[in-house]
Every structure is written in structure tokens, then in C-alpha cells.
Amino acid sequence: MRDSLLLKYTTCAAATAGLLLGPQSPVPARADVPLRYVALGDSYTSAPYVSRVRPGSPAKCRRSELNYPGRIALKLHPRDFTDVSCSGAALRHLTSRQGENPPQLDALKADTTLVTLTMGGNDIGFDKWKTCALLSLTDPNGAPCRKRLRRDGGGDPFAEAFARTGPRFGAALRRIRERSPLAEVYVLGYPMLVPSSGHGCYPRVPFARGDVAMVRNVQRRLNTMLARQARANGAVFLDLSAPGHDMCQRDDDRRWVEPLLPGMRAAPFHPNTNGVAAMTRAVLRALRYPVDA
């Protein structure tokens with residue numbers, strides 16, 4: 001990408017951030033500052049099985065070459081591009097190793113100008129959805145997962161995780177700002193797993209009818225928390241929770257998250273090619289970069 005494109009990028013990104021969130025730390029609108037992009041995140045960033053694994057990346061991270069950071073890089077042609085997203089990553093992996101993957105924040109430099117991040121789902125308990133799926137077989141018309149989680153933890157089984165994760169996410173955004181003070185930081189929310197209303201679509205998506213509302217509520221709380229922390233810490237939140245793109249959608253072109261089906265185009269309960277494309281468009285539009293419809 002020609003250095004002059006950065007002038008367009010910095011000016012438009014700063015204007016977008018100000019429009020959405022109010023005054024931000026300024027990004028110098030200098031044509032001689034090249035675009036340097038770092039992608040952080042968990043499996044919703046790495047996008048397992050959407051495409052072939054990015055060469056040189058740790059195998060356990062299942063980092064697809066055509067995940068949303070890879071697609072953004074193909075559009076923007078940054079001077080530097082580093083994708084350190086990894087399946088299973090939690091906020092602690094921003095500052096500590098995750099197997100072969102170094103601490104993700106180590107990728108940030110003082111001259112980084114663009115950072116994207118999708119993280120927090122593993123911290124609040126996305127792994128519990130596996131339990132919900134298995135328990136749905138025992139009582140598809142009831143709420144077996146909600147009963148189990150309340151029996152194990154009492155009350156709201158996610159309350160403690162949310163109380164802990166919110167401040168940690170805010171602290172992570174501040175660390176990003178400290179390491180890369182010139183960077184525009186975009187936090188991408190999580191696409192919805194289940195429809196915005198109703199009882200789901202068992203057995204196509206293995207959540208019991210009475211558990212669907214819990215799954216929906218937890219995702220909404222997570223996205224709300226991410227948006228609040230982004231606003232409070234100088235980042236831009238991009239909402240991917242638009243209805244009509246959940247796992248229950250039978251139209252392959254509308255579905256952003258892949259259910260457990262034959263011929264899956266992604267890891268189950270994760271963004272498929274359409275979801276990755278939607279996340280890519282969200283970032284490019286925030287940067288006011290021309291994108292396809």
C-alpha cells in the first residue's frame with residue numbers, strides 16, 4: 001500500500017472513532033507513517049478451518065490464513081502485518097504464553113497503527129456451551145444446562161466471571177494503548193449463536209428449548225461489556241450481533257456461525273466464511289475503506 005493511503009486511513013479512522021465514541025488519542029495524519037497492523041484474539045479471530053492454516057503459525061492456534069485479519073491485510077496491504085490470534089486464548093494469554101504462541105501483546109510495537117481484538121468469550125465461560133449441547137440430549141424441551149450450572153455454582157453461574165472479566169478487559173485495552181500509543185484499536189463483538197427470540201432450533205442446534213434464552217442473554221451481556229470497556233478505554237467497538245445470522249439460519253448465505261452439520265465450513269459454534277467476511281467488512285467500513293456489498 002502506498003504511504004499516501006495511510007493519510008486516508010488515519011484521517012477517516014480518527015473521524016470514525018470520534019463520531020462513535022467522542023475524543024480519542026490522536027493518530028498522526030502523516031503520509032510518511034506506514035500502516036502497521038497487529039491482530040489479537042481468540043478462535044473467533046483465528047477462525048479454525050475457514051481456510052488453510054497460516055504458514056508458520058502454531059498448529060494448536062488453528063489460525064486460518066483467510067480469517068478476518070488476513071482478509072483485512074489483503075485489502076489494506078499494510079507495511080507490517082502480524083496475526084497472533086489463537087484458538088482457546090483468554091485475556092491472560094495477552095501477557096503470558098499459550099503453548100507455542102508467545103504473549104500476544106509482545107507483537108505490539110510503538111509504531112503499530114492498527115489493532116483489532118476479539119477476546120473475552122473464553123473468560124466468561126464459552127466452554128460451558130459444550131456442556132449445554134451434551135445435556136440437551138437428556139431433556140431437549142427443558143433447561144438441563146441452566147439447572148446443572150446453577151446446581152454447580154448457585155445463582156447466576158456467570159456473574160463472577162463477568163465481574164472479573166470486565167475490569168481485566170479494560171486493563172488489557174490500556175496495556176495496548178501503552179504499548180502502541182499511535183494505534184487505532186477496534187474491538188469486534190461476537191456474532192450471535194442463537195436467534196434473537198424464540199426457543200432455538202433443536203436438534204439442528206443442540207441447545208434445549210429452555211436453555212436458549214440463557215445462551216442468548218450471556219452473549220448479549222458479553223457484547224455489552226466489551227462495548228462499555230471499549231468506550232471507556234479509547235477503543236471502537238464493532239457490533240456483530242445483528243439478528244438473522246445465527247446458527248439456526250438454514251440459508252447458508254445468511255448464516256455467520258457454523259452449527260454442527262455435515263460438510264461444515266468452519267469449526268462448530270464459530271464464524272464461517274460468511275461470518276469472517278462480515279467481521280472484515282465491519283473493520284473496513286469503520287475505516288471508511290470501500291468494501292464490496
# chains A, B, ... in the order shown; residues from 1 in each chain; ligands from 1
$ residues_around --residues "Ala213 of chain A" --least-positions-apart "3" --cutoff "12 Å" --atoms "only C-alpha atoms" --output "ChimeraX atom specification"
/A:142-143,145-146,192-200,207-210,216-220
$ write_last_selection --atoms "N, CA and C atoms" --output "mmCIF file, in the first residue's frame"
data_model
loop_
_atom_site.group_PDB
_atom_site.id
_atom_site.type_symbol
_atom_site.label_atom_id
_atom_site.label_comp_id
_atom_site.auth_asym_id
_atom_site.auth_seq_id
_atom_site.Cartn_x
_atom_site.Cartn_y
_atom_site.Cartn_z
ATOM 1 N N GLY A 142 -36.563 -29.086 27.992
ATOM 2 C CA GLY A 142 -36.397 -28.443 29.289
ATOM 3 C C GLY A 142 -35.246 -27.457 29.290
ATOM 4 N N ALA A 143 -34.625 -27.321 30.473
ATOM 5 C CA ALA A 143 -33.478 -26.416 30.625
ATOM 6 C C ALA A 143 -32.393 -27.132 31.424
ATOM 7 N N CYS A 145 -29.165 -27.560 31.053
ATOM 8 C CA CYS A 145 -27.881 -26.892 31.268
ATOM 9 C C CYS A 145 -27.999 -25.811 32.335
ATOM 10 N N ARG A 146 -29.047 -25.031 32.267
ATOM 11 C CA ARG A 146 -29.249 -23.989 33.281
ATOM 12 C C ARG A 146 -29.365 -24.612 34.671
ATOM 13 N N MET A 192 -24.003 -13.669 17.106
ATOM 14 C CA MET A 192 -24.914 -14.426 17.956
ATOM 15 C C MET A 192 -24.991 -15.887 17.527
ATOM 16 N N LEU A 193 -25.017 -16.759 18.517
ATOM 17 C CA LEU A 193 -25.140 -18.196 18.263
ATOM 18 C C LEU A 193 -26.581 -18.605 18.006
ATOM 19 N N VAL A 194 -27.523 -17.965 18.701
ATOM 20 C CA VAL A 194 -28.926 -18.372 18.640
ATOM 21 C C VAL A 194 -29.783 -17.194 18.187
ATOM 22 N N PRO A 195 -31.007 -17.464 17.722
ATOM 23 C CA PRO A 195 -31.871 -16.372 17.248
ATOM 24 C C PRO A 195 -32.147 -15.341 18.332
ATOM 25 N N SER A 196 -32.539 -14.142 17.905
ATOM 26 C CA SER A 196 -32.788 -13.045 18.839
ATOM 27 C C SER A 196 -34.053 -13.244 19.655
ATOM 28 N N SER A 197 -34.879 -14.197 19.288
ATOM 29 C CA SER A 197 -36.077 -14.531 20.058
ATOM 30 C C SER A 197 -36.415 -16.003 19.818
ATOM 31 N N GLY A 198 -37.306 -16.526 20.622
ATOM 32 C CA GLY A 198 -37.742 -17.899 20.425
ATOM 33 C C GLY A 198 -36.904 -18.916 21.176
ATOM 34 N N HIS A 199 -37.143 -20.181 20.853
ATOM 35 C CA HIS A 199 -36.563 -21.287 21.608
ATOM 36 C C HIS A 199 -35.519 -22.063 20.817
ATOM 37 N N GLY A 200 -34.961 -21.483 19.783
ATOM 38 C CA GLY A 200 -33.902 -22.152 19.058
ATOM 39 C C GLY A 200 -34.429 -23.103 17.999
ATOM 40 N N PHE A 207 -29.129 -26.999 21.620
ATOM 41 C CA PHE A 207 -29.442 -26.345 22.878
ATOM 42 C C PHE A 207 -30.895 -26.655 23.193
ATOM 43 N N ALA A 208 -31.152 -27.151 24.399
ATOM 44 C CA ALA A 208 -32.525 -27.433 24.804
ATOM 45 C C ALA A 208 -33.347 -26.146 24.777
ATOM 46 N N ARG A 209 -34.643 -26.299 24.548
ATOM 47 C CA ARG A 209 -35.516 -25.136 24.379
ATOM 48 C C ARG A 209 -35.403 -24.157 25.548
ATOM 49 N N GLY A 210 -35.339 -24.672 26.754
ATOM 50 C CA GLY A 210 -35.280 -23.810 27.924
ATOM 51 C C GLY A 210 -33.919 -23.203 28.188
ATOM 52 N N ARG A 216 -28.488 -16.846 24.829
ATOM 53 C CA ARG A 216 -28.702 -15.535 24.219
ATOM 54 C C ARG A 216 -28.338 -14.412 25.195
ATOM 55 N N ASN A 217 -28.780 -14.536 26.434
ATOM 56 C CA ASN A 217 -28.549 -13.498 27.428
ATOM 57 C C ASN A 217 -27.063 -13.348 27.747
ATOM 58 N N VAL A 218 -26.363 -14.461 27.864
ATOM 59 C CA VAL A 218 -24.933 -14.403 28.167
ATOM 60 C C VAL A 218 -24.178 -13.708 27.039
ATOM 61 N N GLN A 219 -24.520 -14.033 25.787
ATOM 62 C CA GLN A 219 -23.854 -13.366 24.667
ATOM 63 C C GLN A 219 -24.138 -11.877 24.635
ATOM 64 N N ARG A 220 -25.374 -11.506 24.912
ATOM 65 C CA ARG A 220 -25.702 -10.082 24.923
ATOM 66 C C ARG A 220 -24.942 -9.365 26.032
#
$ atom_distance --atom1 "atom CA of Ala235 of chain A" --atom2 "atom CA of Arg255 of chain A"
27.6 Å
$ closest_residue --among "A:Gln249, A:Ser241, A:Asn223, A:Asn233" --to "Ala278 of chain A" --atoms "only C-alpha atoms"
A:Ser241
$ closest_residue --among "A:Thr165, A:Thr273, A:Thr224, A:Thr118" --to "Val187 of chain A" --atoms "only C-alpha atoms"
A:Thr118
$ select_by_dssp --residues "segment 21-263 of chain A" --states "strand (DSSP E)" --output "PyMOL selection string"
chain A and resi 36-41+80-83+114-118+184-188+236-238
$ closest_atom_pairs --of "segment 37-121 of chain A" --to "segment 256-259 of chain A" --cutoff "12 Å" --atoms "only C-alpha atoms" --output "tab-separated table"
residue	atom	partner	partner_atom	distance
A:Tyr44	CA	A:Val257	CA	9.9
A:Ala47	CA	A:Val257	CA	10.5
A:Pro48	CA	A:Glu258	CA	11.1
A:Tyr49	CA	A:Glu258	CA	10.9
A:Val50	CA	A:Glu258	CA	10.3
$ write_last_selection --atoms "C-alpha atoms" --output "tab-separated table (two decimals), in the first residue's frame"
chain	number	residue	atom	x	y	z
A	44	TYR	CA	-13.33	-16.01	16.75
A	47	ALA	CA	-11.35	-18.78	12.61
A	48	PRO	CA	-10.48	-22.50	12.73
A	49	TYR	CA	-10.97	-24.44	9.49
A	50	VAL	CA	-12.25	-21.50	7.46
$ closest_residue --among "A:Leu137, A:Leu35, A:Leu260, A:Val276" --to "Glu65 of chain A" --atoms "only C-alpha atoms"
A:Val276
$ closest_residue --among "A:Gly234, A:Gly155, A:Gly70, A:Gly88" --to "Tyr186 of chain A" --atoms "only C-alpha atoms"
A:Gly234
$ residues_around --residues "Arg177 of chain A" --least-positions-apart "3" --cutoff "10 Å" --atoms "only C-alpha atoms" --output "MDAnalysis selection string"
chainID A and resid 25 108 110 115 171:174 180:185 233:235
$ select_by_dssp --residues "segment 8-214 of chain A" --states "helix (DSSP H, G or I)" --output "MDAnalysis selection string"
chainID A and resid 8:21 43:46 59:61 68:76 91:94 104:107 121:124 128:135 144:153 159:179 209:214
$ closest_residue --among "A:Ala89, A:Ile72, A:Cys248, A:Val53" --to "Leu284 of chain A" --atoms "only C-alpha atoms"
A:Ile72
$ residues_around --residues "segment 38-40 of chain A" --least-positions-apart "3" --cutoff "8 Å" --atoms "only C-alpha atoms" --output "list of chain:residue names"
A:Thr45, A:Pro69, A:Phe81, A:Thr82, A:Asp83, A:Val84, A:Ser85, A:Gln104, A:Leu105, A:Ala107, A:Leu108, A:Thr112, A:Leu114, A:Val115, A:Thr116, A:Leu117, A:Thr118
$ closest_residue --among "A:Asp251, A:Arg151, A:Asn67, A:Ser136" --to "Gly275 of chain A" --atoms "only C-alpha atoms"
A:Asn67
$ atom_distance --atom1 "atom CA of Gln229 of chain A" --atom2 "atom CA of Ala161 of chain A"
15.2 Å
